[in-house]
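Q: You'll find target14.csv just under this line, and it carries CSV, C-alpha atoms.
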chain,number,residue,atom,x,y,z
W,186,MET,CA,194.3,-21.0,-27.5
W,187,THR,CA,193.8,-20.3,-31.2
W,188,ASP,CA,192.3,-23.0,-33.4
W,189,TRP,CA,195.1,-24.3,-35.6
W,190,THR,CA,192.9,-23.8,-38.7
W,191,THR,CA,192.5,-20.1,-38.1
W,192,PRO,CA,193.9,-18.2,-41.1
W,193,GLY,CA,197.2,-16.5,-40.6
W,194,VAL,CA,201.0,-16.8,-40.6
W,195,TYR,CA,202.5,-18.4,-37.6
W,196,PRO,CA,206.3,-18.5,-36.9
W,197,VAL,CA,207.3,-22.0,-35.6
W,198,ALA,CA,211.1,-21.8,-35.8
W,199,PRO,CA,213.7,-19.3,-37.1
W,200,GLY,CA,213.1,-18.9,-40.8
W,201,VAL,CA,210.0,-21.2,-40.8
W,202,HIS,CA,206.4,-20.2,-40.8
W,203,ARG,CA,203.2,-22.2,-40.8
W,204,ILE,CA,200.3,-21.1,-43.0
W,205,PRO,CA,197.0,-23.2,-42.7
W,206,LEU,CA,195.2,-23.3,-46.0
W,207,PRO,CA,191.5,-24.2,-46.4
W,208,LEU,CA,190.2,-27.5,-47.6
W,209,PRO,CA,186.8,-28.0,-49.4
W,210,ASN,CA,184.3,-30.4,-48.0
W,211,ASP,CA,186.8,-31.9,-45.6
W,212,GLY,CA,186.4,-32.6,-41.9
W,213,LEU,CA,190.1,-31.6,-41.4
W,214,ARG,CA,189.2,-28.1,-42.6
W,215,ALA,CA,192.8,-27.1,-43.3
W,216,VAL,CA,196.3,-28.3,-44.3
W,217,ASN,CA,199.5,-26.7,-43.0
W,218,VAL,CA,201.9,-25.4,-45.5
W,219,TYR,CA,205.4,-24.6,-44.1
W,220,VAL,CA,207.2,-21.7,-45.7
W,221,ILE,CA,211.0,-21.8,-45.3
W,222,SER,CA,213.0,-18.6,-45.9
W,223,ASP,CA,216.0,-19.5,-47.9
W,224,GLY,CA,218.0,-16.4,-48.6
W,225,ASP,CA,216.2,-14.4,-51.2
W,226,SER,CA,213.8,-17.2,-52.0
W,227,LEU,CA,211.2,-19.4,-50.4
W,228,VAL,CA,210.7,-23.1,-50.2
W,229,LEU,CA,207.4,-24.8,-49.3
W,230,VAL,CA,206.9,-28.1,-47.6
W,231,ASP,CA,203.5,-29.2,-49.0
W,232,SER,CA,201.4,-26.9,-51.1
W,233,GLY,CA,197.7,-27.2,-50.4
W,234,TRP,CA,194.7,-28.2,-52.5
W,235,ALA,CA,194.4,-26.5,-55.9
W,236,ILE,CA,191.3,-24.4,-55.2
W,237,VAL,CA,191.0,-20.6,-55.5
W,238,GLU,CA,190.4,-20.1,-51.8
W,239,SER,CA,193.6,-21.9,-51.0
W,240,LEU,CA,195.8,-20.0,-53.4
W,241,ASP,CA,194.3,-16.7,-52.2
W,242,ALA,CA,195.0,-17.6,-48.6
W,243,LEU,CA,198.6,-18.6,-49.5
W,244,GLU,CA,199.2,-15.3,-51.4
W,245,ARG,CA,197.8,-13.3,-48.4
W,246,GLY,CA,200.1,-15.2,-46.1
W,247,LEU,CA,203.1,-14.6,-48.2
W,248,ALA,CA,202.3,-10.9,-48.5
W,249,THR,CA,202.6,-10.6,-44.7
W,250,LEU,CA,206.1,-12.0,-45.1
W,251,GLY,CA,206.9,-9.4,-47.7
W,252,ALA,CA,206.8,-12.0,-50.5
W,253,GLY,CA,204.7,-13.5,-53.3
W,254,LEU,CA,204.3,-16.6,-55.3
W,255,ALA,CA,207.2,-15.6,-57.5
W,256,ASP,CA,209.6,-16.0,-54.6
W,257,ILE,CA,208.8,-19.7,-54.3
W,258,THR,CA,211.6,-21.6,-56.0
W,259,ARG,CA,211.0,-25.1,-54.7
W,260,ILE,CA,208.1,-27.1,-53.3
W,261,LEU,CA,208.8,-30.3,-51.3
W,262,VAL,CA,205.7,-32.5,-51.1
W,263,THR,CA,205.4,-35.2,-48.4
W,264,HIS,CA,202.9,-37.3,-50.4
W,265,ILE,CA,200.6,-37.5,-53.4
W,266,HIS,CA,197.2,-36.7,-51.8
W,267,ARG,CA,195.6,-33.8,-53.5
W,268,ASP,CA,195.5,-31.5,-50.4
W,269,HIS,CA,199.3,-31.7,-50.3
W,270,TYR,CA,200.3,-32.0,-54.0
W,271,THR,CA,197.9,-30.4,-56.5
W,272,GLN,CA,198.5,-26.7,-55.6
W,273,ALA,CA,202.2,-27.3,-56.3
W,274,VAL,CA,201.2,-27.9,-59.9
W,275,THR,CA,199.3,-24.7,-60.0
W,276,ILE,CA,202.2,-22.7,-58.5
W,277,ARG,CA,204.6,-24.3,-60.9
W,278,GLU,CA,202.5,-23.2,-63.8
W,279,ARG,CA,202.3,-19.7,-62.5
W,280,VAL,CA,206.0,-19.0,-61.5
W,281,GLY,CA,208.1,-22.0,-62.5
W,282,SER,CA,208.8,-23.5,-59.1
W,283,THR,CA,210.3,-27.0,-59.1
W,284,VAL,CA,208.3,-29.7,-57.4
W,285,ALA,CA,209.8,-32.8,-55.6
W,286,LEU,CA,208.0,-36.0,-54.5
W,287,GLY,CA,209.1,-39.3,-53.1
W,288,ILE,CA,209.9,-42.0,-55.7
W,289,GLY,CA,207.5,-44.4,-53.9
W,290,GLU,CA,204.6,-42.3,-55.2
W,291,LYS,CA,205.5,-43.0,-58.9
W,292,PRO,CA,203.2,-46.0,-59.3
W,293,SER,CA,200.3,-43.9,-58.0
W,294,MET,CA,201.2,-40.9,-60.2
W,295,ASP,CA,201.4,-43.2,-63.2
W,296,LEU,CA,197.9,-44.4,-62.5
W,297,LEU,CA,196.6,-40.9,-62.0
W,298,LEU,CA,198.2,-39.7,-65.3
W,299,ASN,CA,197.4,-42.7,-67.5
W,300,GLU,CA,194.5,-44.6,-66.0
W,301,GLN,CA,192.5,-42.1,-64.1
W,302,ASP,CA,189.3,-43.0,-65.9
W,303,GLN,CA,189.6,-46.6,-64.5
W,304,LEU,CA,190.4,-45.6,-60.9
W,305,THR,CA,186.8,-45.1,-59.7
W,306,GLY,CA,185.9,-48.6,-60.9
W,307,ARG,CA,188.9,-50.1,-59.2
W,308,ASN,CA,188.1,-48.4,-55.9
W,309,ALA,CA,184.5,-49.6,-56.2
W,310,GLU,CA,185.7,-53.1,-56.7
W,311,ARG,CA,187.8,-52.8,-53.6
W,312,MET,CA,184.7,-51.9,-51.6
W,313,GLU,CA,182.9,-54.8,-53.1
W,314,ARG,CA,185.6,-57.2,-52.0
W,315,CYS,CA,185.1,-55.7,-48.6
W,316,GLY,CA,181.4,-56.5,-48.6
W,317,ALA,CA,180.5,-52.8,-48.8
W,318,ASP,CA,178.2,-52.8,-51.9
W,319,ASP,CA,176.4,-49.6,-50.9
W,320,LEU,CA,179.7,-47.7,-50.8
W,321,ALA,CA,180.8,-49.3,-54.1
W,322,ALA,CA,177.6,-48.0,-55.7
W,323,LEU,CA,178.2,-44.5,-54.5
W,324,MET,CA,181.7,-44.6,-55.9
W,325,ARG,CA,180.5,-45.8,-59.3
W,326,ASN,CA,178.0,-42.9,-59.4
W,327,ALA,CA,180.6,-40.3,-58.4
W,328,PRO,CA,180.8,-37.3,-60.7
W,329,ALA,CA,183.7,-37.1,-63.2
W,330,GLY,CA,186.8,-35.6,-61.9
W,331,ALA,CA,186.4,-37.1,-58.4
W,332,ASN,CA,190.1,-37.7,-58.2
W,333,GLY,CA,190.6,-33.9,-57.9
W,334,GLY,CA,193.6,-32.9,-60.1
W,335,PRO,CA,195.5,-31.2,-61.6
W,336,TRP,CA,197.9,-34.1,-61.8
W,337,GLU,CA,201.3,-33.7,-63.4
W,338,ALA,CA,204.6,-35.5,-62.6
W,339,PRO,CA,207.1,-33.7,-60.3
W,340,ASP,CA,210.4,-32.3,-61.5
W,341,ASP,CA,212.4,-34.4,-59.1
W,342,TRP,CA,211.8,-37.8,-57.7
W,343,LEU,CA,213.4,-38.2,-54.2
W,344,GLU,CA,215.1,-41.5,-53.6
W,345,ALA,CA,215.6,-43.0,-50.2
W,346,GLY,CA,218.3,-41.1,-48.3
W,347,ASP,CA,218.3,-38.1,-50.6
W,348,SER,CA,219.2,-34.7,-49.1
W,349,VAL,CA,217.7,-31.5,-50.3
W,350,VAL,CA,220.4,-28.9,-50.1
W,351,LEU,CA,219.0,-25.4,-49.8
W,352,ASN,CA,220.9,-22.1,-49.5
W,353,CYS,CA,220.4,-21.9,-45.7
W,354,ARG,CA,219.7,-25.5,-44.5
W,355,THR,CA,219.7,-29.1,-45.6
W,356,LEU,CA,216.6,-31.3,-45.4
W,357,ASP,CA,216.9,-35.1,-45.4
W,358,SER,CA,214.1,-37.0,-47.0
W,359,VAL,CA,213.2,-40.1,-45.1
W,360,PRO,CA,210.7,-42.6,-46.7
W,361,THR,CA,207.8,-43.3,-44.4
W,362,PRO,CA,205.4,-45.6,-46.4
W,363,GLY,CA,202.0,-46.4,-44.9
W,364,HIS,CA,199.7,-43.5,-45.2
W,365,THR,CA,200.7,-43.7,-48.9
W,366,ARG,CA,203.3,-45.9,-50.5
W,367,GLY,CA,205.7,-43.0,-51.2
W,368,HIS,CA,205.2,-40.8,-48.2
W,369,VAL,CA,208.3,-39.0,-47.0
W,370,VAL,CA,209.1,-36.8,-44.0
W,371,PHE,CA,211.7,-34.1,-44.2
W,372,VAL,CA,214.2,-33.7,-41.4
W,373,ASP,CA,216.1,-30.6,-40.6
W,374,ASP,CA,218.8,-32.1,-38.3
W,375,ALA,CA,220.5,-28.8,-37.5
W,376,ALA,CA,217.3,-27.1,-36.4
W,377,ASP,CA,215.7,-30.3,-34.8
W,378,LEU,CA,212.6,-30.0,-37.0
W,379,LEU,CA,210.5,-32.9,-38.4
W,380,PHE,CA,208.2,-31.9,-41.3
W,381,ALA,CA,206.0,-34.8,-40.8
W,382,GLY,CA,203.2,-34.5,-43.5
W,383,ASP,CA,200.5,-36.9,-42.5
W,384,HIS,CA,202.8,-39.5,-41.1
W,385,VAL,CA,202.5,-38.3,-37.5
W,386,LEU,CA,199.5,-36.1,-36.6
W,387,PRO,CA,199.0,-34.7,-33.1
W,388,THR,CA,195.4,-35.5,-32.5
W,389,ILE,CA,194.2,-37.9,-35.1
W,390,THR,CA,195.4,-41.2,-36.6
W,391,PRO,CA,196.4,-41.0,-40.2
W,392,SER,CA,194.4,-43.1,-42.7
W,393,ILE,CA,196.2,-46.0,-44.3
W,394,ALA,CA,196.6,-46.7,-48.0
W,395,VAL,CA,194.0,-44.3,-49.3
W,396,GLU,CA,195.6,-44.2,-52.8
W,397,PRO,CA,195.5,-45.8,-56.2
W,398,GLY,CA,196.7,-49.4,-56.0
W,399,PRO,CA,197.6,-49.6,-52.3
W,400,PRO,CA,200.1,-52.2,-51.1
W,401,ARG,CA,198.9,-55.4,-49.4
W,402,LEU,CA,200.4,-54.7,-46.0
W,403,ALA,CA,200.0,-50.9,-45.7
W,404,LEU,CA,199.5,-51.0,-41.9
W,405,GLY,CA,202.6,-53.1,-41.5
W,406,ASP,CA,204.5,-50.5,-43.6
W,407,TYR,CA,203.1,-47.7,-41.5
W,408,LEU,CA,204.0,-49.2,-38.1
W,409,ASP,CA,207.5,-49.9,-39.4
W,410,SER,CA,207.8,-46.3,-40.5
W,411,LEU,CA,206.7,-45.0,-37.1
W,412,ARG,CA,209.4,-47.1,-35.5
W,413,VAL,CA,212.0,-45.7,-38.0
W,414,VAL,CA,211.2,-42.2,-37.0
W,415,ARG,CA,211.0,-43.2,-33.3
W,416,GLY,CA,214.5,-44.5,-33.6
W,417,MET,CA,215.7,-41.0,-34.7
W,418,PRO,CA,216.5,-38.2,-32.3
W,419,ASP,CA,213.3,-36.5,-31.0
W,420,ARG,CA,212.4,-33.3,-32.8
W,421,MET,CA,209.8,-30.6,-33.0
W,422,LEU,CA,206.8,-32.1,-34.8
W,423,LEU,CA,205.5,-30.0,-37.7
W,424,PRO,CA,202.4,-31.8,-38.9
W,425,ALA,CA,200.2,-31.3,-41.9
W,426,HIS,CA,197.1,-31.1,-39.8
W,427,GLY,CA,197.1,-29.8,-36.3
W,428,GLU,CA,199.3,-27.7,-34.0
W,429,VAL,CA,203.1,-27.8,-33.9
W,430,THR,CA,204.3,-29.7,-30.8
W,431,ASP,CA,207.6,-30.1,-29.1
W,432,SER,CA,208.0,-33.9,-29.4
W,433,ALA,CA,207.4,-36.3,-32.3
W,434,HIS,CA,208.4,-39.2,-30.0
W,435,LYS,CA,205.5,-38.6,-27.6
W,436,ARG,CA,202.9,-38.8,-30.4
W,437,ILE,CA,204.5,-41.8,-32.1
W,438,ASP,CA,204.4,-43.7,-28.8
W,439,GLU,CA,200.7,-42.9,-28.6
W,440,LEU,CA,200.1,-44.0,-32.2
W,441,LEU,CA,201.9,-47.3,-31.7
W,442,ILE,CA,199.8,-48.0,-28.6
W,443,HIS,CA,196.6,-47.0,-30.5
W,444,HIS,CA,197.3,-49.5,-33.3
W,445,ASP,CA,198.1,-52.3,-30.8
W,446,THR,CA,194.7,-51.7,-29.2
W,447,ARG,CA,193.0,-51.4,-32.6
W,448,LEU,CA,194.4,-54.6,-33.8
W,449,ALA,CA,193.2,-56.4,-30.7
W,450,ASP,CA,189.7,-54.8,-31.0
W,451,THR,CA,189.6,-55.7,-34.7
W,452,GLN,CA,190.5,-59.3,-34.0
W,453,ALA,CA,187.9,-59.5,-31.2
W,454,ALA,CA,185.2,-58.2,-33.6
W,455,VAL,CA,185.7,-61.0,-36.2
W,456,THR,CA,183.0,-63.6,-36.4
W,457,GLN,CA,183.4,-66.7,-38.6
W,458,GLY,CA,183.0,-65.8,-42.2
W,459,CYS,CA,182.5,-62.1,-41.7
W,460,THR,CA,183.4,-59.4,-44.2
W,461,VAL,CA,185.5,-56.3,-43.8
W,462,ALA,CA,182.4,-54.1,-43.7
W,463,GLU,CA,180.8,-56.2,-41.0
W,464,VAL,CA,183.9,-55.8,-38.8
W,465,ALA,CA,184.0,-52.1,-39.5
W,466,LYS,CA,180.3,-51.8,-38.4
W,467,ALA,CA,181.2,-53.6,-35.1
W,468,LEU,CA,183.9,-51.0,-34.2
W,469,LEU,CA,183.8,-47.4,-32.9
W,470,TRP,CA,185.3,-44.6,-34.9
W,471,THR,CA,187.2,-41.4,-34.4
W,472,ARG,CA,188.5,-40.2,-31.0
W,473,HIS,CA,184.8,-39.4,-30.2
W,474,GLY,CA,183.8,-43.1,-30.3
W,475,ARG,CA,181.2,-42.7,-33.1
W,476,THR,CA,179.4,-45.7,-34.6
W,477,TYR,CA,179.9,-46.6,-38.2
W,478,ALA,CA,176.3,-45.5,-38.9
W,479,GLU,CA,177.1,-42.1,-37.6
W,480,LEU,CA,179.8,-41.5,-40.2
W,481,ASP,CA,179.2,-39.9,-43.5
W,482,ALA,CA,179.8,-41.9,-46.7
W,483,PHE,CA,183.3,-40.6,-47.2
W,484,ASN,CA,184.3,-41.5,-43.7
W,485,GLN,CA,182.6,-44.9,-44.0
W,486,ILE,CA,184.9,-45.6,-47.0
W,487,LEU,CA,187.9,-44.6,-44.9
W,488,ALA,CA,186.6,-46.8,-42.0
W,489,VAL,CA,186.3,-49.9,-44.4
W,490,GLY,CA,189.8,-49.2,-45.7
W,491,GLU,CA,191.2,-48.9,-42.2
W,492,THR,CA,189.5,-52.1,-41.1
W,493,SER,CA,190.8,-53.9,-44.2
W,494,ALA,CA,194.4,-52.8,-43.4
W,495,HIS,CA,194.1,-54.1,-39.8
W,496,LEU,CA,192.6,-57.4,-41.0
W,497,ASP,CA,195.3,-57.9,-43.6
W,498,LEU,CA,198.0,-57.5,-40.9
W,499,LEU,CA,196.3,-59.9,-38.6
W,500,VAL,CA,196.2,-62.5,-41.4
W,501,HIS,CA,199.9,-61.9,-42.1
W,502,GLN,CA,200.6,-62.4,-38.4
W,503,GLY,CA,198.8,-65.7,-38.5
W,504,LEU,CA,196.1,-64.5,-36.0
W,505,LEU,CA,193.2,-64.7,-38.6
W,506,SER,CA,192.4,-66.6,-41.7
W,507,ARG,CA,191.0,-65.3,-45.0
W,508,GLN,CA,189.0,-66.8,-47.8
W,509,GLU,CA,187.8,-65.3,-51.1
W,510,LEU,CA,184.2,-66.4,-51.7
W,511,SER,CA,182.3,-65.1,-54.7
W,512,GLY,CA,184.7,-62.1,-54.9
W,513,VAL,CA,184.3,-61.1,-51.3
W,514,SER,CA,187.0,-61.5,-48.6
W,515,ARG,CA,185.8,-63.3,-45.5
W,516,PHE,CA,187.7,-63.7,-42.3
W,517,GLY,CA,187.7,-66.1,-39.4
W,518,SER,CA,189.9,-67.3,-36.5
Let me see whether you can do it: turn the structure in this file into structure tokens.

A:
Amino acid sequence: MTDWTTPGVYPVAPGVHRIPLPLPNDGLRAVNVYVISDGDSLVLVDSGWAIVESLDALERGLATLGAGLADITRILVTHIHRDHYTQAVTIRERVGSTVALGIGEKPSMDLLLNEQDQLTGRNAERMERCGADDLAALMRNAPAGANGGPWEAPDDWLEAGDSVVLNCRTLDSVPTPGHTRGHVVFVDDAADLLFAGDHVLPTITPSIAVEPGPPRLALGDYLDSLRVVRGMPDRMLLPAHGEVTDSAHKRIDELLIHHDTRLADTQAAVTQGCTVAEVAKALLWTRHGRTYAELDAFNQILAVGETSAHLDLLVHQGLLSRQELSGVSRFGS
């Protein structure tokens, strides 16, 4: 079986092709961009990271379809993360494509456009509240431009329930907050396709609230969003990272079970007065069961954020208590 990150153009449904684009310094290695044939033009779902290697790979892929960047008229982006959004800005600058993003991402976009120089400090403060001073120090010493633009507002903000009417099909945008506040999935009801972005991934669990100014109960939002999509008819899953699969429901069921187990493991790892970082260090990570110490710094930051989201939900459910002592959150039963 071909590795899903292998460069190429892969048909997944009539008029829809998957093109994996490379990511720099990222364990995921690639992001899937879906190219929809729409009469004489093309529509993209997600766009890739704005790096030369990614744009080159996209142009090569389009060429095999007898097309080029100038044929892209619209780009529908599932969420604001740079591996999904920033290349849309580059393509728009080149050929004038319109870019659409869920309205729930507007607070994050406003921060990126107006307060980007403050975001590193805010993220470091978040790590400090979690008791991860070592990670906070790394963040404060990060090079300028760590938020990885270019950042520009989209042409269209998609509201809840908006439909994107194309020449050859209609895509319904469904808000699925959790991975980010404004994440949306796109549903092609007639073709039974779910363009899932990072909401449902076939082999890994999406990170929660890695964004500017995350909401307080991001994990609660995410689980609610999973249940919303689970309540819809089952469809082919077109994820941003990983192979296309026949059933979104099957993977959603696995993710719901995973988080039930993870909440129980997180609660069991809490000792009286412990910090988020201390709980993160007591848990195993990734599907390979790695210890916290085996993770690189980037994934340790993700691990602390994930643990924080689980602890917040446990507090909300009344299963744990939280105190703020000297600017650090501490948890107990």

Q: At a cut-off of 12 Å, using all atoms listed in the file, what residues contact W:Asp431? Leave out same-chain residues fewer than 4 positions from it and give the result as a VMD selection string.

A: chain W and resid 197 to 198 377 to 379 387 419 to 424 435 to 436

Q: Distance cut-off 6 Å, centre (209.9, -47.4, -45.4) in file coordinates, counting only C-alpha atoms: which residues qualify? Return them as a list in words.

A: Pro360, Thr361, Pro362 and Ser410 of chain W

Q: Env of stretch 462-478 of chain W: 6 Å cut, atoms = all atoms listed in the file, seq-sep filter 5 positions within chain, self excluded. Answer as a ChimeraX atom specification.

A: /W:315-317,454,489,492

Q: Of the candidates W:Pro399, W:Gly512, W:Gly200, W:Pro418, which one gets nearest to W:Leu304 if we count only C-alpha atoms?

A: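 Among the listed residues, the smallest separation from W:Leu304 belongs to W:Pro399.
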
Q: What is the atom CA of W:Ser282 to atom CA of W:Thr258 distance in Å?

A: 4.6 Å

Q: Give me, as a list in words, all polymer residues having an atom no more than 6 Å from W:Ile204, counting all atoms listed in the file and skipping those fewer than 3 positions away in the same chain.

A: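 Skipping anything fewer than 3 positions along the chain leaves Val194, Asn217 and Val218 of chain W.
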
Q: Could you save those same residues with C-alpha atoms as a PDB file, keeping the file's coordinate frame?

A:
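Written output follows (result38.pdb):
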ATOM      1  CA  VAL W 194     201.000 -16.800 -40.600  1.00  0.00           C
ATOM      2  CA  ASN W 217     199.500 -26.700 -43.000  1.00  0.00           C
ATOM      3  CA  VAL W 218     201.900 -25.400 -45.500  1.00  0.00           C
TER       4      VAL W 218
END

Q: Which one is closest to W:Val350: W:Ala248, W:Leu261, W:Leu254, W:Val280? Count only C-alpha atoms.

A: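 Smallest separation from W:Val350 among the options: W:Leu261.
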
Q: Do you know which residues are at most 7 Å from W:Ser518 counting all atoms listed in the file, after dropping those on the same chain fewer than 5 positions away, and could you put them as a PDB file with C-alpha atoms, keeping the file's coordinate frame?

A:
ATOM      1  CA  GLN W 457     183.400 -66.700 -38.600  1.00  0.00           C
ATOM      2  CA  LEU W 504     196.100 -64.500 -36.000  1.00  0.00           C
ATOM      3  CA  LEU W 505     193.200 -64.700 -38.600  1.00  0.00           C
ATOM      4  CA  SER W 506     192.400 -66.600 -41.700  1.00  0.00           C
TER       5      SER W 506
END

Q: Have a look at W:His368, W:Arg401, W:Arg412, W:Arg311 and name the one nearest to W:Leu487; count all atoms listed in the file.

A: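 Closest to W:Leu487, using all atoms listed in the file: W:Arg311.
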
Q: In Å to one decimal, how far is atom CA of W:Tyr407 from atom CA of W:Glu509?

A: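 Spanning atom CA of W:Glu509 to atom CA of W:Tyr407 is a straight-line distance of 25.2 Å.
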
Q: Give the answer as one residue: which of W:Ala327, W:Leu206, W:His384, W:Arg214 has the shortest atom-to-atom distance to W:Asn308, using all atoms listed in the file?

A: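 With all atoms listed in the file as the atom set, the closest residue is W:Ala327.
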
Q: Which of these, W:Ile288, W:Val228, W:Val237, W:Val385, has the shortest distance to W:Val349 once you count only C-alpha atoms?

A: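 The answer is W:Val228, which sits nearest to W:Val349.
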
Q: Between atom CA of W:Ser348 and atom CA of W:Leu286, measure the distance and give it in Å to one decimal.

A: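 Straight-line distance from atom CA of W:Ser348 to atom CA of W:Leu286 works out to 12.5 Å.
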
Q: Please produce stretch 300-317 of chain W, completed to N, CA and C atoms, as a CSV table (one decimal), keeping the file's coordinate frame.

A:
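Output saved as out.csv:
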chain,number,residue,atom,x,y,z
W,300,GLU,N,195.6,-43.8,-66.2
W,300,GLU,CA,194.5,-44.6,-66.0
W,300,GLU,C,193.4,-44.1,-65.1
W,301,GLN,N,193.4,-42.7,-65.0
W,301,GLN,CA,192.5,-42.1,-64.1
W,301,GLN,C,191.0,-42.5,-64.3
W,302,ASP,N,190.6,-42.7,-65.6
W,302,ASP,CA,189.3,-43.0,-65.9
W,302,ASP,C,188.9,-44.4,-65.3
W,303,GLN,N,189.9,-45.2,-65.0
W,303,GLN,CA,189.6,-46.6,-64.5
W,303,GLN,C,189.6,-46.6,-62.9
W,304,LEU,N,190.1,-45.6,-62.3
W,304,LEU,CA,190.4,-45.6,-60.9
W,304,LEU,C,189.1,-45.8,-60.1
W,305,THR,N,188.0,-45.0,-60.5
W,305,THR,CA,186.8,-45.1,-59.7
W,305,THR,C,186.3,-46.5,-59.7
W,306,GLY,N,186.3,-47.2,-60.9
W,306,GLY,CA,185.9,-48.6,-60.9
W,306,GLY,C,186.7,-49.5,-60.0
W,307,ARG,N,188.0,-49.3,-60.0
W,307,ARG,CA,188.9,-50.1,-59.2
W,307,ARG,C,188.6,-49.9,-57.7
W,308,ASN,N,188.4,-48.6,-57.3
W,308,ASN,CA,188.1,-48.4,-55.9
W,308,ASN,C,186.7,-49.0,-55.5
W,309,ALA,N,185.8,-49.0,-56.5
W,309,ALA,CA,184.5,-49.6,-56.2
W,309,ALA,C,184.6,-51.1,-56.0
W,310,GLU,N,185.5,-51.7,-56.9
W,310,GLU,CA,185.7,-53.1,-56.7
W,310,GLU,C,186.4,-53.5,-55.4
W,311,ARG,N,187.2,-52.6,-54.9
W,311,ARG,CA,187.8,-52.8,-53.6
W,311,ARG,C,186.8,-52.8,-52.5
W,312,MET,N,185.8,-51.9,-52.6
W,312,MET,CA,184.7,-51.9,-51.6
W,312,MET,C,183.8,-53.1,-51.7
W,313,GLU,N,183.6,-53.6,-53.0
W,313,GLU,CA,182.9,-54.8,-53.1
W,313,GLU,C,183.6,-56.0,-52.5
W,314,ARG,N,184.9,-56.1,-52.7
W,314,ARG,CA,185.6,-57.2,-52.0
W,314,ARG,C,185.5,-57.1,-50.5
W,315,CYS,N,185.3,-55.9,-50.0
W,315,CYS,CA,185.1,-55.7,-48.6
W,315,CYS,C,183.7,-56.0,-48.1
W,316,GLY,N,182.8,-56.3,-49.0
W,316,GLY,CA,181.4,-56.5,-48.6
W,316,GLY,C,180.6,-55.2,-48.4
W,317,ALA,N,181.1,-54.1,-49.0
W,317,ALA,CA,180.5,-52.8,-48.8
W,317,ALA,C,179.8,-52.4,-50.2
